[in-house]
>>> print(open('my_file02.cif').read())   # mmCIF, C-alpha atoms; chains and numbers go by the auth columns
data_input
loop_
_atom_site.group_PDB
_atom_site.id
_atom_site.type_symbol
_atom_site.label_atom_id
_atom_site.label_comp_id
_atom_site.label_asym_id
_atom_site.label_seq_id
_atom_site.Cartn_x
_atom_site.Cartn_y
_atom_site.Cartn_z
_atom_site.B_iso_or_equiv
_atom_site.auth_seq_id
_atom_site.auth_asym_id
ATOM 1 C CA MET A 1 51.498 -21.943 -52.907 0.00 1 J
ATOM 2 C CA ILE A 2 53.847 -24.868 -53.355 0.00 2 J
ATOM 3 C CA CYS A 3 55.748 -26.233 -50.384 0.00 3 J
ATOM 4 C CA ASN A 4 58.552 -28.513 -51.562 0.00 4 J
ATOM 5 C CA ASP A 5 59.467 -29.627 -48.063 0.00 5 J
ATOM 6 C CA ASN A 6 57.170 -31.663 -45.790 0.00 6 J
ATOM 7 C CA SER A 7 58.491 -30.028 -42.627 0.00 7 J
ATOM 8 C CA VAL A 8 57.447 -27.144 -40.413 0.00 8 J
ATOM 9 C CA THR A 9 60.568 -25.306 -41.562 0.00 9 J
ATOM 10 C CA GLY A 10 59.625 -25.751 -45.223 0.00 10 J
ATOM 11 C CA LEU A 11 56.041 -24.672 -44.605 0.00 11 J
ATOM 12 C CA ILE A 12 57.152 -21.516 -42.818 0.00 12 J
ATOM 13 C CA SER A 13 59.777 -20.710 -45.462 0.00 13 J
ATOM 14 C CA SER A 14 57.158 -21.077 -48.216 0.00 14 J
ATOM 15 C CA THR A 15 54.478 -19.072 -46.415 0.00 15 J
ATOM 16 C CA TYR A 16 56.653 -16.368 -44.852 0.00 16 J
ATOM 17 C CA PRO A 17 59.697 -15.807 -47.084 0.00 17 J
ATOM 18 C CA HIS A 18 62.073 -13.188 -45.685 0.00 18 J
ATOM 19 C CA ILE A 19 60.105 -12.867 -42.435 0.00 19 J
ATOM 20 C CA ASP A 20 63.343 -11.798 -40.757 0.00 20 J
ATOM 21 C CA HIS A 21 62.903 -8.370 -42.391 0.00 21 J
ATOM 22 C CA HIS A 22 60.236 -6.061 -41.025 0.00 22 J
ATOM 23 C CA GLN A 23 57.165 -6.428 -43.217 0.00 23 J
ATOM 24 C CA ASP A 24 54.174 -4.183 -43.771 0.00 24 J
ATOM 25 C CA ASP A 25 50.706 -5.158 -42.548 0.00 25 J
ATOM 26 C CA GLN A 26 49.639 -6.512 -45.945 0.00 26 J
ATOM 27 C CA TYR A 27 52.482 -9.050 -45.851 0.00 27 J
ATOM 28 C CA TYR A 28 50.880 -10.667 -42.791 0.00 28 J
ATOM 29 C CA LEU A 29 47.303 -10.277 -44.050 0.00 29 J
ATOM 30 C CA ASP A 30 48.152 -12.175 -47.240 0.00 30 J
ATOM 31 C CA ARG A 31 49.621 -15.140 -45.342 0.00 31 J
ATOM 32 C CA THR A 32 48.218 -17.557 -42.775 0.00 32 J
ATOM 33 C CA ILE A 33 49.120 -21.049 -41.661 0.00 33 J
ATOM 34 C CA LEU A 34 46.184 -23.067 -40.336 0.00 34 J
ATOM 35 C CA SER A 35 46.460 -26.206 -38.259 0.00 35 J
ATOM 36 C CA GLY A 36 43.968 -28.515 -36.604 0.00 36 J
ATOM 37 C CA LYS A 37 46.250 -29.438 -33.708 0.00 37 J
ATOM 38 C CA ASN A 38 47.347 -27.091 -30.924 0.00 38 J
ATOM 39 C CA SER A 39 50.697 -28.866 -30.631 0.00 39 J
ATOM 40 C CA ASP A 40 51.394 -28.080 -34.306 0.00 40 J
ATOM 41 C CA VAL A 41 50.342 -24.454 -33.783 0.00 41 J
ATOM 42 C CA GLU A 42 52.793 -24.186 -30.872 0.00 42 J
ATOM 43 C CA ASP A 43 55.643 -25.588 -32.999 0.00 43 J
ATOM 44 C CA ILE A 44 54.847 -23.262 -35.915 0.00 44 J
ATOM 45 C CA ASN A 45 54.482 -20.187 -33.697 0.00 45 J
ATOM 46 C CA SER A 46 57.752 -20.961 -31.927 0.00 46 J
ATOM 47 C CA GLU A 47 59.713 -21.278 -35.160 0.00 47 J
ATOM 48 C CA VAL A 48 58.136 -18.168 -36.730 0.00 48 J
ATOM 49 C CA LEU A 49 58.957 -16.199 -33.576 0.00 49 J
ATOM 50 C CA GLN A 50 62.595 -17.343 -33.706 0.00 50 J
ATOM 51 C CA ARG A 51 62.877 -16.058 -37.283 0.00 51 J
ATOM 52 C CA CYS A 52 61.546 -12.608 -36.400 0.00 52 J
ATOM 53 C CA PRO A 53 64.076 -9.997 -35.279 0.00 53 J
ATOM 54 C CA GLY A 54 64.020 -8.539 -31.796 0.00 54 J
ATOM 55 C CA GLU A 55 64.152 -9.564 -28.181 0.00 55 J
ATOM 56 C CA GLU A 56 61.808 -12.342 -27.104 0.00 56 J
ATOM 57 C CA LYS A 57 59.777 -11.682 -23.969 0.00 57 J
ATOM 58 C CA ILE A 58 58.174 -14.481 -21.969 0.00 58 J
ATOM 59 C CA LEU A 59 54.886 -13.599 -20.284 0.00 59 J
ATOM 60 C CA GLN A 60 53.904 -16.041 -17.535 0.00 60 J
ATOM 61 C CA SER A 61 50.243 -16.663 -16.756 0.00 61 J
ATOM 62 C CA ALA A 62 48.722 -16.660 -13.277 0.00 62 J
ATOM 63 C CA ASP A 63 46.937 -20.000 -12.905 0.00 63 J
ATOM 64 C CA SER A 64 44.575 -21.051 -10.129 0.00 64 J
ATOM 65 C CA VAL A 65 42.033 -23.737 -9.361 0.00 65 J
ATOM 66 C CA ILE A 66 38.364 -22.725 -9.297 0.00 66 J
ATOM 67 C CA SER A 67 36.597 -23.897 -6.146 0.00 67 J
ATOM 68 C CA ASP A 68 32.990 -25.075 -5.917 0.00 68 J
ATOM 69 C CA ASP A 69 31.846 -21.530 -5.066 0.00 69 J
ATOM 70 C CA GLY A 70 33.448 -20.184 -8.263 0.00 70 J
ATOM 71 C CA ASN A 71 36.394 -18.447 -6.620 0.00 71 J
ATOM 72 C CA PRO A 72 39.943 -19.113 -7.803 0.00 72 J
ATOM 73 C CA ASN A 73 41.958 -20.749 -5.020 0.00 73 J
ATOM 74 C CA GLY A 74 43.213 -24.223 -4.176 0.00 74 J
ATOM 75 C CA LEU A 75 46.777 -23.339 -5.128 0.00 75 J
ATOM 76 C CA GLY A 76 48.179 -25.444 -2.311 0.00 76 J
ATOM 77 C CA LEU A 77 46.595 -28.584 -3.727 0.00 77 J
ATOM 78 C CA TYR A 78 48.460 -28.524 -7.047 0.00 78 J
ATOM 79 C CA PRO A 79 52.012 -27.464 -7.898 0.00 79 J
ATOM 80 C CA MET A 80 52.178 -24.384 -10.132 0.00 80 J
ATOM 81 C CA GLU A 81 54.211 -26.388 -12.668 0.00 81 J
ATOM 82 C CA TYR A 82 51.271 -28.769 -13.005 0.00 82 J
ATOM 83 C CA LEU A 83 48.740 -25.948 -13.474 0.00 83 J
ATOM 84 C CA ASN A 84 51.020 -24.297 -16.059 0.00 84 J
ATOM 85 C CA SER A 85 51.293 -27.583 -17.971 0.00 85 J
ATOM 86 C CA LEU A 86 47.530 -27.907 -18.485 0.00 86 J
ATOM 87 C CA ARG A 87 46.368 -27.246 -22.041 0.00 87 J
ATOM 88 C CA ALA A 88 42.934 -26.744 -23.529 0.00 88 J
ATOM 89 C CA SER A 89 41.900 -25.450 -26.931 0.00 89 J
ATOM 90 C CA SER A 90 40.189 -22.473 -25.292 0.00 90 J
ATOM 91 C CA LEU A 91 43.273 -21.372 -23.317 0.00 91 J
ATOM 92 C CA PRO A 92 46.416 -19.504 -24.308 0.00 92 J
ATOM 93 C CA LEU A 93 49.727 -20.989 -23.198 0.00 93 J
ATOM 94 C CA ALA A 94 50.910 -20.461 -19.629 0.00 94 J
ATOM 95 C CA LYS A 95 54.206 -19.133 -21.020 0.00 95 J
ATOM 96 C CA LEU A 96 53.481 -16.783 -23.898 0.00 96 J
ATOM 97 C CA ALA A 97 56.533 -15.780 -25.962 0.00 97 J
ATOM 98 C CA LEU A 98 56.254 -12.540 -27.970 0.00 98 J
ATOM 99 C CA LYS A 99 58.375 -9.971 -29.773 0.00 99 J
ATOM 100 C CA ILE A 100 57.592 -6.451 -30.861 0.00 100 J
ATOM 101 C CA GLY A 101 56.527 -6.464 -34.515 0.00 101 J
ATOM 102 C CA VAL A 102 55.089 -9.997 -34.611 0.00 102 J
ATOM 103 C CA PRO A 103 51.522 -10.758 -35.704 0.00 103 J
ATOM 104 C CA VAL A 104 49.053 -12.138 -33.140 0.00 104 J
ATOM 105 C CA MET A 105 45.411 -13.197 -33.259 0.00 105 J
ATOM 106 C CA LEU A 106 42.878 -12.319 -30.585 0.00 106 J
ATOM 107 C CA LEU A 107 41.327 -15.424 -28.983 0.00 107 J
ATOM 108 C CA ARG A 108 38.365 -13.730 -27.268 0.00 108 J
ATOM 109 C CA ASN A 109 35.803 -11.011 -27.930 0.00 109 J
ATOM 110 C CA LEU A 110 37.015 -8.100 -25.792 0.00 110 J
ATOM 111 C CA ASP A 111 35.187 -5.083 -27.230 0.00 111 J
ATOM 112 C CA THR A 112 33.397 -5.537 -30.550 0.00 112 J
ATOM 113 C CA THR A 113 32.695 -1.789 -30.771 0.00 113 J
ATOM 114 C CA LYS A 114 36.464 -1.230 -31.056 0.00 114 J
ATOM 115 C CA GLY A 115 37.123 -4.136 -33.418 0.00 115 J
ATOM 116 C CA LEU A 116 38.467 -6.419 -30.690 0.00 116 J
ATOM 117 C CA CYS A 117 36.762 -9.649 -31.758 0.00 117 J
ATOM 118 C CA ASN A 118 37.808 -13.277 -31.690 0.00 118 J
ATOM 119 C CA GLY A 119 40.060 -13.740 -34.743 0.00 119 J
ATOM 120 C CA THR A 120 41.164 -10.106 -35.076 0.00 120 J
ATOM 121 C CA ARG A 121 44.750 -9.996 -36.305 0.00 121 J
ATOM 122 C CA MET A 122 47.132 -7.443 -34.866 0.00 122 J
ATOM 123 C CA ILE A 123 50.802 -6.481 -34.773 0.00 123 J
ATOM 124 C CA VAL A 124 52.416 -6.171 -31.327 0.00 124 J
ATOM 125 C CA THR A 125 53.875 -2.665 -30.866 0.00 125 J
ATOM 126 C CA HIS A 126 54.686 -2.723 -27.115 0.00 126 J
ATOM 127 C CA ILE A 127 54.928 -5.437 -24.460 0.00 127 J
ATOM 128 C CA SER A 128 54.570 -4.956 -20.710 0.00 128 J
ATOM 129 C CA THR A 129 53.640 -7.331 -17.918 0.00 129 J
ATOM 130 C CA ARG A 130 50.062 -6.048 -17.666 0.00 130 J
ATOM 131 C CA VAL A 131 49.119 -4.925 -21.166 0.00 131 J
ATOM 132 C CA LEU A 132 50.024 -5.402 -24.824 0.00 132 J
ATOM 133 C CA ARG A 133 49.784 -2.468 -27.213 0.00 133 J
ATOM 134 C CA CYS A 134 48.848 -3.669 -30.682 0.00 134 J
ATOM 135 C CA ARG A 135 47.851 -2.279 -34.070 0.00 135 J
ATOM 136 C CA ILE A 136 44.798 -3.857 -35.696 0.00 136 J
ATOM 137 C CA ILE A 137 45.472 -5.122 -39.233 0.00 137 J
ATOM 138 C CA SER A 138 42.327 -7.147 -40.016 0.00 138 J
ATOM 139 C CA GLY A 139 38.565 -6.974 -39.729 0.00 139 J
ATOM 140 C CA ASP A 140 36.397 -3.949 -40.418 0.00 140 J
ATOM 141 C CA ALA A 141 38.310 -1.288 -42.382 0.00 141 J
ATOM 142 C CA LYS A 142 37.290 1.403 -39.881 0.00 142 J
ATOM 143 C CA PHE A 143 39.449 -0.324 -37.240 0.00 143 J
ATOM 144 C CA ALA A 144 42.486 -1.022 -39.446 0.00 144 J
ATOM 145 C CA GLY A 145 45.512 0.785 -38.072 0.00 145 J
ATOM 146 C CA SER A 146 43.868 1.454 -34.704 0.00 146 J
ATOM 147 C CA ILE A 147 46.163 1.165 -31.702 0.00 147 J
ATOM 148 C CA VAL A 148 44.553 -0.924 -28.955 0.00 148 J
ATOM 149 C CA LEU A 149 45.500 -2.133 -25.492 0.00 149 J
ATOM 150 C CA ILE A 150 45.049 -5.822 -24.737 0.00 150 J
ATOM 151 C CA PRO A 151 44.935 -6.650 -21.001 0.00 151 J
ATOM 152 C CA ARG A 152 45.445 -9.961 -19.306 0.00 152 J
ATOM 153 C CA ILE A 153 42.066 -11.528 -18.634 0.00 153 J
ATOM 154 C CA ASN A 154 40.789 -14.484 -16.617 0.00 154 J
ATOM 155 C CA MET A 155 39.831 -17.459 -18.759 0.00 155 J
ATOM 156 C CA ASP A 156 38.085 -20.367 -17.064 0.00 156 J
ATOM 157 C CA VAL A 157 38.069 -23.983 -18.196 0.00 157 J
ATOM 158 C CA SER A 158 35.722 -26.559 -16.717 0.00 158 J
ATOM 159 C CA GLU A 159 36.441 -30.102 -15.601 0.00 159 J
ATOM 160 C CA GLU A 160 34.950 -31.289 -18.895 0.00 160 J
ATOM 161 C CA ASP A 161 38.057 -30.027 -20.733 0.00 161 J
ATOM 162 C CA LEU A 162 40.688 -30.563 -18.019 0.00 162 J
ATOM 163 C CA PRO A 163 41.038 -32.807 -14.954 0.00 163 J
ATOM 164 C CA ILE A 164 40.403 -29.802 -12.686 0.00 164 J
ATOM 165 C CA PRO A 165 38.524 -26.505 -13.152 0.00 165 J
ATOM 166 C CA LEU A 166 41.242 -23.981 -14.013 0.00 166 J
ATOM 167 C CA CYS A 167 41.387 -20.186 -14.193 0.00 167 J
ATOM 168 C CA ARG A 168 44.259 -18.839 -16.316 0.00 168 J
ATOM 169 C CA ARG A 169 45.021 -15.105 -16.303 0.00 169 J
ATOM 170 C CA GLN A 170 46.906 -14.401 -19.517 0.00 170 J
ATOM 171 C CA PHE A 171 46.823 -12.246 -22.639 0.00 171 J
ATOM 172 C CA PRO A 172 44.102 -13.633 -24.959 0.00 172 J
ATOM 173 C CA VAL A 173 46.362 -13.921 -28.026 0.00 173 J
#
>>> encode(input="my_file02.cif", output="structure tokens")
Amino acid sequence: MICNDNSVTGLISSTYPHIDHHQDDQYYLDRTILSGKNSDVEDINSEVLQRCPGEEKILQSADSVISDDGNPNGLGLYPMEYLNSLRASSLPLAKLALKIGVPVMLLRNLDTTKGLCNGTRMIVTHISTRVLRCRIISGDAKFAGSIVLIPRINMDVSEEDLPIPLCRRQFPV
């Protein structure tokens, strides 16, 4: 592929031409943009999402501090805005923006017997506050086309990655 423009816009236009029209699964399987920096991934995802048709839904995480005994609490010690601003490579964003019909990638192993492995690519078919309904488009052929439910899960990050031990409850995509 040749990208004649050294911008995020040019990269997206070269990789996903005509993304504003609904595409079949193979369209998304044949195209991927990789980046080594989470900030770049956020910029790319945001622009791709804006180009896709449909209503954008924002899904807010539930963040909490993990105490010494392993229980999430300590909310009074830190403003929620601060907890939501914390970023780590192992965490999804506190504010996840999605649209029906967009591709997503699973960030955790949820159920390998159903094809729900880290890196599985899916298309969002329904969005609710507690669960995403998606169609698997990658991985083992026996799972391709399967409709799966993706719940919000707790994802913990230690003080090694962030200034405080954080638990983020969010969709792992």
>>> atom_distance(input="my_file02.cif", atom1="atom CA of Leu166 of chain J", atom2="atom CA of Leu83 of chain J")
7.8 Å
>>> residues_near_point(input="my_file02.cif", point="(51.8, -17.8, -38.9)", cutoff="8 Å", atoms="only C-alpha atoms", output="PyMOL selection string")
chain J and resi 12+16+31-34+44-45+48+103
>>> residues_around(input="my_file02.cif", residues="Asn38 of chain J", least_positions_apart="3", cutoff="10 Å", atoms="only C-alpha atoms", output="MDAnalysis selection string")
chainID J and resid 35 41:44 87:89
>>> resolve_selection(input="my_file02.cif", expression="the PyMOL selection byres ((chain J and resi 136) around 10)", output="PyMOL selection string")
chain J and resi 25+103-105+114-116+120-124+133-135+137-141+143-148
>>> atom_distance(input="my_file02.cif", atom1="atom CA of Leu132 of chain J", atom2="atom CA of Asn109 of chain J")
15.6 Å
>>> atom_distance(input="my_file02.cif", atom1="atom CA of Phe171 of chain J", atom2="atom CA of Val8 of chain J")
25.5 Å
>>> residues_around(input="my_file02.cif", residues="Pro172 of chain J", least_positions_apart="3", cutoff="7 Å", atoms="all atoms listed in the file", output="PyMOL selection string")
chain J and resi 92+106-108+152-153
>>> write_last_selection(input="my_file02.cif", atoms="C-alpha atoms", output="mmCIF file, keeping the file's coordinate frame")
data_model
loop_
_atom_site.group_PDB
_atom_site.id
_atom_site.type_symbol
_atom_site.label_atom_id
_atom_site.label_comp_id
_atom_site.auth_asym_id
_atom_site.auth_seq_id
_atom_site.Cartn_x
_atom_site.Cartn_y
_atom_site.Cartn_z
ATOM 1 C CA PRO J 92 46.416 -19.504 -24.308
ATOM 2 C CA LEU J 106 42.878 -12.319 -30.585
ATOM 3 C CA LEU J 107 41.327 -15.424 -28.983
ATOM 4 C CA ARG J 108 38.365 -13.730 -27.268
ATOM 5 C CA ARG J 152 45.445 -9.961 -19.306
ATOM 6 C CA ILE J 153 42.066 -11.528 -18.634
#
>>> residues_around(input="my_file02.cif", residues="Lys95 of chain J", least_positions_apart="2", cutoff="8 Å", atoms="only C-alpha atoms", output="mmCIF file with C-alpha atoms, keeping the file's coordinate frame")
data_model
loop_
_atom_site.group_PDB
_atom_site.id
_atom_site.type_symbol
_atom_site.label_atom_id
_atom_site.label_comp_id
_atom_site.auth_asym_id
_atom_site.auth_seq_id
_atom_site.Cartn_x
_atom_site.Cartn_y
_atom_site.Cartn_z
ATOM 1 C CA ILE J 58 58.174 -14.481 -21.969
ATOM 2 C CA LEU J 59 54.886 -13.599 -20.284
ATOM 3 C CA GLN J 60 53.904 -16.041 -17.535
ATOM 4 C CA SER J 61 50.243 -16.663 -16.756
ATOM 5 C CA ASN J 84 51.020 -24.297 -16.059
ATOM 6 C CA LEU J 93 49.727 -20.989 -23.198
ATOM 7 C CA ALA J 97 56.533 -15.780 -25.962
#
>>> resolve_selection(input="my_file02.cif", expression="the PyMOL selection byres ((chain J and resi 154) around 6)", output="ChimeraX atom specification")
/J:153,155,168-169
>>> write_last_selection(input="my_file02.cif", atoms="C-alpha atoms", output="short mmCIF file (atom, residue, chain, number, x, y, z; two decimals), in the frame of the given file")
data_model
loop_
_atom_site.label_atom_id
_atom_site.label_comp_id
_atom_site.auth_asym_id
_atom_site.auth_seq_id
_atom_site.Cartn_x
_atom_site.Cartn_y
_atom_site.Cartn_z
CA ILE J 153 42.07 -11.53 -18.63
CA MET J 155 39.83 -17.46 -18.76
CA ARG J 168 44.26 -18.84 -16.32
CA ARG J 169 45.02 -15.10 -16.30
#
>>> resolve_selection(input="my_file02.cif", expression="the PyMOL selection byres ((chain J and resi 15) around 10)", output="list in words")
Met1, Ile2, Cys3, Thr9, Gly10, Leu11, Ile12, Ser13, Ser14, Tyr16, Pro17, His18, Ile19, Tyr28, Asp30, Arg31, Thr32 and Ile33 of chain J
>>> write_last_selection(input="my_file02.cif", atoms="C-alpha atoms", output="JSON list (two decimals), keeping the file's coordinate frame")
[["chain", "number", "residue", "atom", "x", "y", "z"],
["J", 1, "MET", "CA", 51.50, -21.94, -52.91],
["J", 2, "ILE", "CA", 53.85, -24.87, -53.36],
["J", 3, "CYS", "CA", 55.75, -26.23, -50.38],
["J", 9, "THR", "CA", 60.57, -25.31, -41.56],
["J", 10, "GLY", "CA", 59.62, -25.75, -45.22],
["J", 11, "LEU", "CA", 56.04, -24.67, -44.60],
["J", 12, "ILE", "CA", 57.15, -21.52, -42.82],
["J", 13, "SER", "CA", 59.78, -20.71, -45.46],
["J", 14, "SER", "CA", 57.16, -21.08, -48.22],
["J", 16, "TYR", "CA", 56.65, -16.37, -44.85],
["J", 17, "PRO", "CA", 59.70, -15.81, -47.08],
["J", 18, "HIS", "CA", 62.07, -13.19, -45.68],
["J", 19, "ILE", "CA", 60.10, -12.87, -42.44],
["J", 28, "TYR", "CA", 50.88, -10.67, -42.79],
["J", 30, "ASP", "CA", 48.15, -12.18, -47.24],
["J", 31, "ARG", "CA", 49.62, -15.14, -45.34],
["J", 32, "THR", "CA", 48.22, -17.56, -42.78],
["J", 33, "ILE", "CA", 49.12, -21.05, -41.66]]
>>> residues_around(input="my_file02.cif", residues="Gly101 of chain J", least_positions_apart="5", cutoff="9 Å", atoms="only C-alpha atoms", output="PyMOL selection string")
chain J and resi 22-23+52-54+123-126
>>> closest_residue(input="my_file02.cif", among="J:Asn118, J:Ser46, J:Ser67, J:Ser85", to="Lys99 of chain J", atoms="all atoms listed in the file")
J:Ser46
